[in-house]
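Presented below is the structure to which this report refers.
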Protein chains: 2
Amino acid sequence: MSAGIDQQDIKREKILEAAYQQFLHYGYSKTTMNEIAGALSMSKALLYYYFPDKSQLYIAVTRKLANEYLKTIEDRISQLTDLKEAFLFQVNTHHNFIVNNYNFFDFIRLNEQNLPDEIWQIINQIRQTEMELLGNTIIANVKEGKIKPVDNPGEVVDLLLDALQGVRVGATGFKKNSFPKIEHLDEIHKKRLLLIDIFIRGLMN
Amino acid sequence: MSAGIDQQDIKREKILEAAYQQFLHYGYSKTTMNEIAGALSMSKALLYYYFPDKSQLYIAVTRKLANEYLKTIEDRISQLTDLKEAFLFQVNTHHNFIVNNYNFFDFIRLNEQNLPDEIWQIINQIRQTEMELLGNTIIANVKEGKIKPVDNPGEVVDLLLDALQGVRVGATGFKKNSFPKIEHLDEIHKKRLLLIDIFIRGLMN
DNA sequence: TATTTGATAGTTTTGTTAAAAAAGTCAGGA
DNA sequence: TCCTGACTTTTTTAACAAAACTATCAAATA
């Protein structure tokens with residue numbers, strides 16, 4: 001007897017939630033399928049009934065997180081008319097997203113060179129949505145005459161997002177790594193606010 | 001009988017030059033001390049007479065390269081009064097420096113996380129010199145009223161240099177790595193020019 | 001039939017050891 | 001002081017077994 005598609009979805013959700021907690025706490029490689037199953041009081045084999053393999057489970061959790069992130073910025077940025085406010089919202093939301101899920105992303109940090117396509121799709125999807133949302137805000141601001149005309153709004157947004165990504169900490173004996181340590185995230189965030197300030201000013205009329 | 005300090009320096013220079021060529025061609029880990037000695041038709045033991053070990057030899061070559069780079073930008077940027085020209089010169093020189101020595105830096109790319117202190121000192125020295133030179137140019141431009149007053153000129157330069165570092169390529173199915181592939185350097189360079197354009201504009205009165 | 005599991009098969013990681021290669025040292029020669 | 005051949009020590013590589021984990025499946029349950 002079928003428990004129904006609803007029940008199946010609920011169980012899938014429960015698995016995603018438990019997996020998320022484990023990945024967040026221990027990181028990808030240190031959490032085993034047995035542990036996830038144990039946290040749910042179910043057998044490991046059942047996990048494989050709902051998800052094809054461990055990486056697909058991780059990817060599904062990542063996709064869920066990404067969707068939440070996208071919903072947050074879509075809802076808000078589409079409402080904002082002020083370009084600076086829009087970018088500030090992006091940076092702040094992004095900052096919180098990274099801080100709150102820092103350990104979860106160790107998989108991405110460690111496999112930086114050779115990530116599965118699905119992860120890149122998600123990353124690219126986020127970037128593209130940000131480019132569209134913020135690009136539209138730029139277009140609106142150009143029409144209002146607030147900022148000077150721009151050849152390619154998407155290109156400008158992409159450039160600023162890259163530039164923001166490049167911001168690192170440079171304290172005393174500083175060593176710049178590709179992925180910032182968690183203790184540097186706040187300082188980086190501050191610098192990004194300054195960068196937005198100058199960059200947006202550079203776009204204004 | 002001493003050959004004199006001059007002769008010793010000349011030999012040291014020859015070793016540095018040969019080592020540079022080997023490192024540039026094969027990268028750090030794939031070049032052996034035997035090969036360097038062989039290229040100079042001298043014994044490996046002699047290398048150890050002039051340099052304490054392989055890493056110190058690599059560091060000495062790096063220091064030499066860094067000094068050439070620094071001399072180039074010091075000579076020019078201290079002459080320039082236009083802020084944008086100054087930053088453009090930095091970016092162009094930096095671009096050439098990376099393109100011309102790409103393979104040489106594989107040591108730095110591969111050991112990104114755990115570089116010897118001496119390498120970081122060199123990196124920091126370059127950054128600090130750039131900050132001073134470009135910071136001075138900013139100060140001069142502020143005095144002339146060309147750009148608006150800035151709280152901390154060094155901070156602004158540091159921010160822009162970080163931002164420039166962050167620029168990456170984003171072609172079709174793009175995968176952003178911490179170190180750009182050599183084939184992407186030209187595209188990155190173009191984007192950096194745009195970033196400078198906007199950023200400098202954001203500083204202007 | 002849909003869901004679940006214990007048992008088990010297959011794969012990856014980890015640890016061990018030996019051989020090879022390269023780094024690094026040194027007594028002695030010019 | 002400058003230089004080398006021979007030597008020692010350290011690092012890298014390869015092979016292989018043990019352990020840990022991923023993934024599968026026949027059978028049980030509901």
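Every chain in the structure tokens takes a letter, A first, then B, and so on in the order presented; its residues are numbered from 1, and the ligands are numbered from 1 following the presented order.
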- prompt: What are the residues of chain A that have an atom within 10 Å of an atom of chain D, counting only C-alpha atoms (C1' of nucleotides), as a list of chain:residue names?
  reply: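 Matching residues, ligands excluded from the count: A:Met1, A:Ser2, A:Thr32, A:Met33, A:Asn34, A:Lys44, A:Ala45, A:Tyr48, A:Pro52, A:Asp53, A:Lys54.
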Could you write out the selected residues, including C-alpha atoms, as a compact mmCIF listing (two decimals), in the first residue's frame?
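Contents of the output file part_33.txt:
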```
# COMPACT_ATOMS: atom_id res chain seq x y z
CA MET A 1 0.00 0.00 0.00
CA SER A 2 1.38 3.39 -0.99
CA THR A 32 28.62 9.14 6.85
CA MET A 33 25.40 7.86 5.42
CA ASN A 34 25.11 5.71 8.54
CA LYS A 44 21.03 3.50 5.62
CA ALA A 45 19.46 1.52 2.81
CA TYR A 48 19.37 5.08 -1.01
CA PRO A 52 20.68 7.80 -5.58
CA ASP A 53 23.92 8.50 -3.71
CA LYS A 54 25.62 10.67 -1.14
```
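In this structure, the chain B residues at most 8 Å away from chain A are Glu112, Gln113, Trp120, Leu159, Leu160, Asp162, Ala163, Leu164, Gln165, Gly166, Val167, Arg168, Lys175, Asn177, Ser178, Lys191, Leu195, Ile198, Phe199, Ile200, Arg201, Gly202 and Leu203 of chain B, with only C-alpha atoms considered.
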Could you save the residues just selected, with N, CA and C atoms, as a short mmCIF file (atom, residue, chain, number, x, y, z; two decimals), in the first residue's frame?
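again-v1.cif, freshly written:
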```cif
data_model
loop_
_atom_site.label_atom_id
_atom_site.label_comp_id
_atom_site.auth_asym_id
_atom_site.auth_seq_id
_atom_site.Cartn_x
_atom_site.Cartn_y
_atom_site.Cartn_z
N GLU B 112 49.63 27.26 -2.03
CA GLU B 112 48.85 28.44 -1.63
C GLU B 112 48.61 28.51 -0.13
N GLN B 113 48.23 27.41 0.45
CA GLN B 113 47.85 27.43 1.86
C GLN B 113 49.04 27.58 2.78
N TRP B 120 55.70 35.26 1.59
CA TRP B 120 54.67 36.21 2.04
C TRP B 120 55.26 37.58 2.27
N LEU B 159 41.75 48.19 -1.19
CA LEU B 159 40.44 47.70 -1.62
C LEU B 159 40.40 47.50 -3.12
N LEU B 160 40.90 48.48 -3.86
CA LEU B 160 40.86 48.35 -5.32
C LEU B 160 41.77 47.21 -5.79
N ASP B 162 42.49 44.52 -4.14
CA ASP B 162 41.74 43.29 -3.84
C ASP B 162 40.66 43.05 -4.88
N ALA B 163 39.93 44.10 -5.18
CA ALA B 163 38.84 44.00 -6.14
C ALA B 163 39.37 43.54 -7.49
N LEU B 164 40.48 44.12 -7.91
CA LEU B 164 41.09 43.74 -9.18
C LEU B 164 41.49 42.27 -9.17
N GLN B 165 42.04 41.85 -8.02
CA GLN B 165 42.43 40.45 -7.86
C GLN B 165 41.22 39.53 -8.01
N GLY B 166 40.07 40.03 -7.59
CA GLY B 166 38.87 39.19 -7.61
C GLY B 166 38.28 38.98 -8.98
N VAL B 167 38.70 39.76 -9.95
CA VAL B 167 38.12 39.65 -11.28
C VAL B 167 38.46 38.30 -11.88
N ARG B 168 37.44 37.62 -12.37
CA ARG B 168 37.60 36.29 -12.95
C ARG B 168 36.86 36.21 -14.28
N LYS B 175 33.98 27.81 -14.62
CA LYS B 175 34.37 27.36 -13.30
C LYS B 175 35.42 28.31 -12.77
N ASN B 177 38.22 29.41 -10.56
CA ASN B 177 39.26 28.89 -9.67
C ASN B 177 40.00 30.05 -9.03
N SER B 178 40.69 29.72 -7.94
CA SER B 178 41.39 30.77 -7.23
C SER B 178 42.47 31.37 -8.12
N LYS B 191 38.64 43.18 -18.24
CA LYS B 191 37.65 43.51 -17.21
C LYS B 191 38.24 44.44 -16.16
N LEU B 195 36.93 47.95 -14.50
CA LEU B 195 36.78 48.16 -13.06
C LEU B 195 37.51 49.43 -12.62
N ILE B 198 35.49 52.53 -13.57
CA ILE B 198 34.35 52.84 -12.70
C ILE B 198 34.80 53.26 -11.31
N PHE B 199 35.78 52.53 -10.78
CA PHE B 199 36.24 52.80 -9.41
C PHE B 199 36.82 54.20 -9.30
N ILE B 200 37.69 54.55 -10.23
CA ILE B 200 38.32 55.87 -10.18
C ILE B 200 37.25 56.96 -10.31
N ARG B 201 36.30 56.68 -11.19
CA ARG B 201 35.20 57.64 -11.34
C ARG B 201 34.47 57.83 -10.02
N GLY B 202 34.37 56.75 -9.27
CA GLY B 202 33.69 56.82 -7.97
C GLY B 202 34.45 57.63 -6.94
N LEU B 203 35.73 57.86 -7.22
CA LEU B 203 36.54 58.65 -6.28
C LEU B 203 36.56 60.12 -6.67
#
```
- request: Find the residues of chain C in contact range of chain B, meaning any atom within 12 Å when counting only C-alpha atoms (C1' of nucleotides), and list them as a list of chain:residue names.
  value: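 Residues passing the distance filter: C:DA21, C:DA22, C:DA23, C:DG24, C:DT25, C:DC26, C:DA30.
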Please write the residues from the selection above to a file, keeping C-alpha atoms (C1' of nucleotides), as a PDB file, in the first residue's frame.
```pdb
ATOM      1  C1'  DA C  21      64.635   9.647  -6.690  1.00  0.00           C
ATOM      2  C1'  DA C  22      65.907  13.738  -5.109  1.00  0.00           C
ATOM      3  C1'  DA C  23      67.672  16.787  -1.428  1.00  0.00           C
ATOM      4  C1'  DG C  24      71.322  17.806   1.301  1.00  0.00           C
ATOM      5  C1'  DT C  25      76.344  16.894   3.555  1.00  0.00           C
ATOM      6  C1'  DC C  26      81.180  16.358   3.842  1.00  0.00           C
ATOM      7  C1'  DA C  30      92.763  22.507  -6.706  1.00  0.00           C
TER       8       DA C  30
END
```
field: Distance in Å - CA of Glu144 (chain A) versus CA of His94 (chain A)
entry: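 Taking CA of Glu144 (chain A) as the start and CA of His94 (chain A) as the end point, the length is 27.6 Å.
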Over all C-alpha pairs taken in sequence order, what does chain B look like after a least-squares fit onto chain A? Please give it as a PDB file with C-alpha atoms, in the first residue's frame.
```
ATOM      1  CA  MET B   1      -0.193   0.379  -0.385  1.00  0.00           C
ATOM      2  CA  SER B   2       1.166   3.799  -1.349  1.00  0.00           C
ATOM      3  CA  ALA B   3       1.681   6.346   1.377  1.00  0.00           C
ATOM      4  CA  GLY B   4       1.032   8.965  -1.275  1.00  0.00           C
ATOM      5  CA  ILE B   5       3.315  11.404  -2.991  1.00  0.00           C
ATOM      6  CA  ASP B   6       2.869  13.823  -0.119  1.00  0.00           C
ATOM      7  CA  GLN B   7       4.212  11.404   2.454  1.00  0.00           C
ATOM      8  CA  GLN B   8       7.158  10.669   0.214  1.00  0.00           C
ATOM      9  CA  ASP B   9       7.913  14.355  -0.156  1.00  0.00           C
ATOM     10  CA  ILE B  10       7.661  14.862   3.573  1.00  0.00           C
ATOM     11  CA  LYS B  11      10.133  12.064   4.172  1.00  0.00           C
ATOM     12  CA  ARG B  12      12.452  13.470   1.550  1.00  0.00           C
ATOM     13  CA  GLU B  13      12.288  16.782   3.351  1.00  0.00           C
ATOM     14  CA  LYS B  14      13.093  15.149   6.671  1.00  0.00           C
ATOM     15  CA  ILE B  15      16.103  13.477   5.129  1.00  0.00           C
ATOM     16  CA  LEU B  16      17.266  16.743   3.589  1.00  0.00           C
ATOM     17  CA  GLU B  17      16.944  18.462   6.946  1.00  0.00           C
ATOM     18  CA  ALA B  18      18.852  15.772   8.842  1.00  0.00           C
ATOM     19  CA  ALA B  19      21.529  15.616   6.159  1.00  0.00           C
ATOM     20  CA  TYR B  20      21.862  19.397   6.262  1.00  0.00           C
ATOM     21  CA  GLN B  21      22.419  19.347  10.014  1.00  0.00           C
ATOM     22  CA  GLN B  22      25.069  16.633   9.737  1.00  0.00           C
ATOM     23  CA  PHE B  23      26.878  18.305   6.839  1.00  0.00           C
ATOM     24  CA  LEU B  24      26.754  21.623   8.638  1.00  0.00           C
ATOM     25  CA  HIS B  25      28.170  20.144  11.812  1.00  0.00           C
ATOM     26  CA  TYR B  26      30.797  17.727  10.522  1.00  0.00           C
ATOM     27  CA  GLY B  27      31.354  18.708   6.898  1.00  0.00           C
ATOM     28  CA  TYR B  28      30.808  16.500   3.873  1.00  0.00           C
ATOM     29  CA  SER B  29      33.591  13.937   4.137  1.00  0.00           C
ATOM     30  CA  LYS B  30      33.272  13.446   7.899  1.00  0.00           C
ATOM     31  CA  THR B  31      29.560  12.630   7.840  1.00  0.00           C
ATOM     32  CA  THR B  32      28.597   9.110   6.870  1.00  0.00           C
ATOM     33  CA  MET B  33      25.383   7.846   5.389  1.00  0.00           C
ATOM     34  CA  ASN B  34      25.058   5.663   8.477  1.00  0.00           C
ATOM     35  CA  GLU B  35      25.117   8.733  10.712  1.00  0.00           C
ATOM     36  CA  ILE B  36      22.462  10.500   8.697  1.00  0.00           C
ATOM     37  CA  ALA B  37      20.317   7.383   8.788  1.00  0.00           C
ATOM     38  CA  GLY B  38      20.968   7.035  12.504  1.00  0.00           C
ATOM     39  CA  ALA B  39      19.904  10.620  13.165  1.00  0.00           C
ATOM     40  CA  LEU B  40      16.594   9.771  11.484  1.00  0.00           C
ATOM     41  CA  SER B  41      16.317   6.351  13.127  1.00  0.00           C
ATOM     42  CA  MET B  42      16.079   4.732   9.746  1.00  0.00           C
ATOM     43  CA  SER B  43      18.219   2.320   7.824  1.00  0.00           C
ATOM     44  CA  LYS B  44      20.969   3.467   5.524  1.00  0.00           C
ATOM     45  CA  ALA B  45      19.348   1.510   2.715  1.00  0.00           C
ATOM     46  CA  LEU B  46      16.309   3.749   2.957  1.00  0.00           C
ATOM     47  CA  LEU B  47      18.414   6.781   2.204  1.00  0.00           C
ATOM     48  CA  TYR B  48      19.334   5.101  -1.029  1.00  0.00           C
ATOM     49  CA  TYR B  49      15.672   4.543  -1.722  1.00  0.00           C
ATOM     50  CA  TYR B  50      15.135   8.297  -1.680  1.00  0.00           C
ATOM     51  CA  PHE B  51      18.461   9.509  -3.046  1.00  0.00           C
ATOM     52  CA  PRO B  52      20.731   7.817  -5.567  1.00  0.00           C
ATOM     53  CA  ASP B  53      23.964   8.501  -3.689  1.00  0.00           C
ATOM     54  CA  LYS B  54      25.687  10.657  -1.127  1.00  0.00           C
ATOM     55  CA  SER B  55      26.778  13.390  -3.508  1.00  0.00           C
ATOM     56  CA  GLN B  56      23.252  13.712  -4.913  1.00  0.00           C
ATOM     57  CA  LEU B  57      21.970  14.077  -1.392  1.00  0.00           C
ATOM     58  CA  TYR B  58      24.469  16.839  -0.710  1.00  0.00           C
ATOM     59  CA  ILE B  59      23.557  18.492  -3.988  1.00  0.00           C
ATOM     60  CA  ALA B  60      19.859  18.334  -3.128  1.00  0.00           C
ATOM     61  CA  VAL B  61      20.511  20.059   0.194  1.00  0.00           C
ATOM     62  CA  THR B  62      22.620  22.668  -1.558  1.00  0.00           C
ATOM     63  CA  ARG B  63      19.856  23.257  -4.087  1.00  0.00           C
ATOM     64  CA  LYS B  64      17.381  23.766  -1.288  1.00  0.00           C
ATOM     65  CA  LEU B  65      19.642  26.279   0.423  1.00  0.00           C
ATOM     66  CA  ALA B  66      20.206  28.053  -2.875  1.00  0.00           C
ATOM     67  CA  ASN B  67      16.476  28.293  -3.504  1.00  0.00           C
ATOM     68  CA  GLU B  68      15.905  29.854  -0.103  1.00  0.00           C
ATOM     69  CA  TYR B  69      18.688  32.329  -0.807  1.00  0.00           C
ATOM     70  CA  LEU B  70      17.287  33.144  -4.227  1.00  0.00           C
ATOM     71  CA  LYS B  71      13.779  33.622  -2.883  1.00  0.00           C
ATOM     72  CA  THR B  72      15.084  36.048  -0.288  1.00  0.00           C
ATOM     73  CA  ILE B  73      16.863  38.298  -2.753  1.00  0.00           C
ATOM     74  CA  GLU B  74      14.232  37.970  -5.484  1.00  0.00           C
ATOM     75  CA  ASP B  75      11.452  39.044  -3.143  1.00  0.00           C
ATOM     76  CA  ARG B  76      13.349  42.034  -1.886  1.00  0.00           C
ATOM     77  CA  ILE B  77      15.494  43.298  -4.736  1.00  0.00           C
ATOM     78  CA  SER B  78      12.651  43.302  -7.236  1.00  0.00           C
ATOM     79  CA  GLN B  79      10.955  45.778  -4.886  1.00  0.00           C
ATOM     80  CA  LEU B  80      13.925  48.066  -4.415  1.00  0.00           C
ATOM     81  CA  THR B  81      14.452  51.001  -6.732  1.00  0.00           C
ATOM     82  CA  ASP B  82      17.625  52.390  -5.198  1.00  0.00           C
ATOM     83  CA  LEU B  83      20.675  50.765  -6.767  1.00  0.00           C
ATOM     84  CA  LYS B  84      22.850  51.021  -3.703  1.00  0.00           C
ATOM     85  CA  GLU B  85      20.191  49.591  -1.446  1.00  0.00           C
ATOM     86  CA  ALA B  86      19.815  46.697  -3.868  1.00  0.00           C
ATOM     87  CA  PHE B  87      23.522  45.879  -3.837  1.00  0.00           C
ATOM     88  CA  LEU B  88      23.696  46.304  -0.091  1.00  0.00           C
ATOM     89  CA  PHE B  89      20.867  43.835   0.302  1.00  0.00           C
ATOM     90  CA  GLN B  90      22.675  41.353  -1.918  1.00  0.00           C
ATOM     91  CA  VAL B  91      25.918  41.683  -0.001  1.00  0.00           C
ATOM     92  CA  ASN B  92      24.260  41.462   3.391  1.00  0.00           C
ATOM     93  CA  THR B  93      22.176  38.453   2.455  1.00  0.00           C
ATOM     94  CA  HIS B  94      25.189  36.781   0.912  1.00  0.00           C
ATOM     95  CA  HIS B  95      27.216  37.485   4.031  1.00  0.00           C
ATOM     96  CA  ASN B  96      24.611  35.911   6.293  1.00  0.00           C
ATOM     97  CA  PHE B  97      24.283  32.967   3.954  1.00  0.00           C
ATOM     98  CA  ILE B  98      28.004  32.224   4.142  1.00  0.00           C
ATOM     99  CA  VAL B  99      28.352  32.850   7.871  1.00  0.00           C
ATOM    100  CA  ASN B 100      25.373  30.672   8.779  1.00  0.00           C
ATOM    101  CA  ASN B 101      26.417  27.767   6.578  1.00  0.00           C
ATOM    102  CA  TYR B 102      30.189  28.034   6.697  1.00  0.00           C
ATOM    103  CA  ASN B 103      30.990  24.416   7.522  1.00  0.00           C
ATOM    104  CA  PHE B 104      28.435  23.135   5.078  1.00  0.00           C
ATOM    105  CA  PHE B 105      30.526  24.493   2.226  1.00  0.00           C
ATOM    106  CA  ASP B 106      33.713  22.648   3.149  1.00  0.00           C
ATOM    107  CA  PHE B 107      32.861  20.235   0.351  1.00  0.00           C
ATOM    108  CA  ILE B 108      33.006  23.096  -2.101  1.00  0.00           C
ATOM    109  CA  ARG B 109      36.141  24.543  -0.523  1.00  0.00           C
ATOM    110  CA  LEU B 110      38.023  21.246  -0.615  1.00  0.00           C
ATOM    111  CA  ASN B 111      36.916  20.190  -4.087  1.00  0.00           C
ATOM    112  CA  GLU B 112      37.266  23.674  -5.524  1.00  0.00           C
ATOM    113  CA  GLN B 113      39.037  22.447  -8.613  1.00  0.00           C
ATOM    114  CA  ASN B 114      36.797  19.516  -9.454  1.00  0.00           C
ATOM    115  CA  LEU B 115      33.224  20.148  -8.400  1.00  0.00           C
ATOM    116  CA  PRO B 116      30.300  18.173  -9.832  1.00  0.00           C
ATOM    117  CA  ASP B 117      28.441  19.910 -12.633  1.00  0.00           C
ATOM    118  CA  GLU B 118      25.289  20.211 -10.550  1.00  0.00           C
ATOM    119  CA  ILE B 119      27.084  22.391  -8.023  1.00  0.00           C
ATOM    120  CA  TRP B 120      28.355  24.654 -10.754  1.00  0.00           C
ATOM    121  CA  GLN B 121      24.871  24.853 -12.183  1.00  0.00           C
ATOM    122  CA  ILE B 122      23.602  26.059  -8.821  1.00  0.00           C
ATOM    123  CA  ILE B 123      26.423  28.562  -8.471  1.00  0.00           C
ATOM    124  CA  ASN B 124      25.821  29.822 -11.977  1.00  0.00           C
ATOM    125  CA  GLN B 125      22.090  29.998 -11.411  1.00  0.00           C
ATOM    126  CA  ILE B 126      22.605  32.168  -8.362  1.00  0.00           C
ATOM    127  CA  ARG B 127      24.993  34.409 -10.211  1.00  0.00           C
ATOM    128  CA  GLN B 128      22.668  34.710 -13.189  1.00  0.00           C
ATOM    129  CA  THR B 129      19.664  35.551 -11.031  1.00  0.00           C
ATOM    130  CA  GLU B 130      21.694  38.174  -9.220  1.00  0.00           C
ATOM    131  CA  MET B 131      22.810  39.566 -12.544  1.00  0.00           C
ATOM    132  CA  GLU B 132      19.249  39.791 -13.801  1.00  0.00           C
ATOM    133  CA  LEU B 133      17.816  41.335 -10.652  1.00  0.00           C
ATOM    134  CA  LEU B 134      20.586  43.863 -10.191  1.00  0.00           C
ATOM    135  CA  GLY B 135      20.877  44.382 -13.943  1.00  0.00           C
ATOM    136  CA  ASN B 136      17.210  45.335 -14.023  1.00  0.00           C
ATOM    137  CA  THR B 137      17.743  47.738 -11.174  1.00  0.00           C
ATOM    138  CA  ILE B 138      20.569  49.320 -13.152  1.00  0.00           C
ATOM    139  CA  ILE B 139      18.395  49.610 -16.231  1.00  0.00           C
ATOM    140  CA  ALA B 140      15.653  51.230 -14.198  1.00  0.00           C
ATOM    141  CA  ASN B 141      18.125  53.672 -12.699  1.00  0.00           C
ATOM    142  CA  VAL B 142      19.504  54.512 -16.120  1.00  0.00           C
ATOM    143  CA  LYS B 143      15.990  55.295 -17.349  1.00  0.00           C
ATOM    144  CA  GLU B 144      15.422  57.539 -14.382  1.00  0.00           C
ATOM    145  CA  GLY B 145      18.661  59.282 -15.212  1.00  0.00           C
ATOM    146  CA  LYS B 146      20.133  58.455 -11.819  1.00  0.00           C
ATOM    147  CA  ILE B 147      23.145  56.713 -13.315  1.00  0.00           C
ATOM    148  CA  LYS B 148      24.860  57.118 -16.620  1.00  0.00           C
ATOM    149  CA  PRO B 149      24.031  54.751 -19.495  1.00  0.00           C
ATOM    150  CA  VAL B 150      25.792  51.422 -19.392  1.00  0.00           C
ATOM    151  CA  ASP B 151      26.748  49.297 -22.396  1.00  0.00           C
ATOM    152  CA  ASN B 152      25.961  45.993 -20.772  1.00  0.00           C
ATOM    153  CA  PRO B 153      24.245  46.070 -17.366  1.00  0.00           C
ATOM    154  CA  GLY B 154      24.874  42.359 -16.784  1.00  0.00           C
ATOM    155  CA  GLU B 155      28.572  42.850 -17.395  1.00  0.00           C
ATOM    156  CA  VAL B 156      28.726  45.642 -14.848  1.00  0.00           C
ATOM    157  CA  VAL B 157      26.902  43.594 -12.229  1.00  0.00           C
ATOM    158  CA  ASP B 158      29.146  40.630 -12.932  1.00  0.00           C
ATOM    159  CA  LEU B 159      32.179  42.824 -12.543  1.00  0.00           C
ATOM    160  CA  LEU B 160      31.056  44.217  -9.209  1.00  0.00           C
ATOM    161  CA  LEU B 161      30.150  40.763  -7.903  1.00  0.00           C
ATOM    162  CA  ASP B 162      33.602  39.520  -8.912  1.00  0.00           C
ATOM    163  CA  ALA B 163      35.210  42.528  -7.306  1.00  0.00           C
ATOM    164  CA  LEU B 164      33.269  41.933  -4.098  1.00  0.00           C
ATOM    165  CA  GLN B 165      34.360  38.304  -4.163  1.00  0.00           C
ATOM    166  CA  GLY B 166      37.952  39.469  -4.409  1.00  0.00           C
ATOM    167  CA  VAL B 167      37.875  41.421  -1.178  1.00  0.00           C
ATOM    168  CA  ARG B 168      40.147  39.804   1.387  1.00  0.00           C
ATOM    169  CA  VAL B 169      41.589  40.638   4.737  1.00  0.00           C
ATOM    170  CA  GLY B 170      45.045  42.116   4.996  1.00  0.00           C
ATOM    171  CA  ALA B 171      45.931  42.334   8.655  1.00  0.00           C
ATOM    172  CA  THR B 172      49.495  42.157   9.982  1.00  0.00           C
ATOM    173  CA  GLY B 173      51.250  39.081   8.636  1.00  0.00           C
ATOM    174  CA  PHE B 174      48.369  38.355   6.347  1.00  0.00           C
ATOM    175  CA  LYS B 175      48.079  35.358   4.146  1.00  0.00           C
ATOM    176  CA  LYS B 176      45.441  35.624   1.498  1.00  0.00           C
ATOM    177  CA  ASN B 177      43.685  32.369   0.811  1.00  0.00           C
ATOM    178  CA  SER B 178      41.123  31.674  -1.834  1.00  0.00           C
ATOM    179  CA  PHE B 179      38.469  30.989   0.757  1.00  0.00           C
ATOM    180  CA  PRO B 180      38.357  33.372   3.687  1.00  0.00           C
ATOM    181  CA  LYS B 181      38.572  32.012   7.190  1.00  0.00           C
ATOM    182  CA  ILE B 182      35.370  32.361   9.127  1.00  0.00           C
ATOM    183  CA  GLU B 183      36.932  34.804  11.568  1.00  0.00           C
ATOM    184  CA  HIS B 184      37.658  37.242   8.734  1.00  0.00           C
ATOM    185  CA  LEU B 185      34.175  37.345   7.275  1.00  0.00           C
ATOM    186  CA  ASP B 186      33.031  40.370   9.228  1.00  0.00           C
ATOM    187  CA  GLU B 187      36.021  42.474   8.262  1.00  0.00           C
ATOM    188  CA  ILE B 188      35.576  41.455   4.644  1.00  0.00           C
ATOM    189  CA  HIS B 189      31.936  42.432   4.856  1.00  0.00           C
ATOM    190  CA  LYS B 190      32.847  45.914   6.018  1.00  0.00           C
ATOM    191  CA  LYS B 191      35.265  46.390   3.147  1.00  0.00           C
ATOM    192  CA  ARG B 192      32.623  45.266   0.715  1.00  0.00           C
ATOM    193  CA  LEU B 193      30.315  47.986   1.907  1.00  0.00           C
ATOM    194  CA  LEU B 194      33.011  50.531   1.094  1.00  0.00           C
ATOM    195  CA  LEU B 195      33.563  48.997  -2.325  1.00  0.00           C
ATOM    196  CA  ILE B 196      29.864  49.223  -3.117  1.00  0.00           C
ATOM    197  CA  ASP B 197      29.901  52.813  -2.025  1.00  0.00           C
ATOM    198  CA  ILE B 198      32.672  53.769  -4.407  1.00  0.00           C
ATOM    199  CA  PHE B 199      31.561  51.561  -7.279  1.00  0.00           C
ATOM    200  CA  ILE B 200      27.973  52.784  -7.279  1.00  0.00           C
ATOM    201  CA  ARG B 201      29.231  56.332  -7.096  1.00  0.00           C
ATOM    202  CA  GLY B 202      31.277  55.578 -10.195  1.00  0.00           C
ATOM    203  CA  LEU B 203      28.097  54.654 -12.027  1.00  0.00           C
ATOM    204  CA  MET B 204      26.144  57.733 -11.016  1.00  0.00           C
ATOM    205  CA  ASN B 205      25.479  60.785 -13.076  1.00  0.00           C
TER     206      ASN B 205
END
```
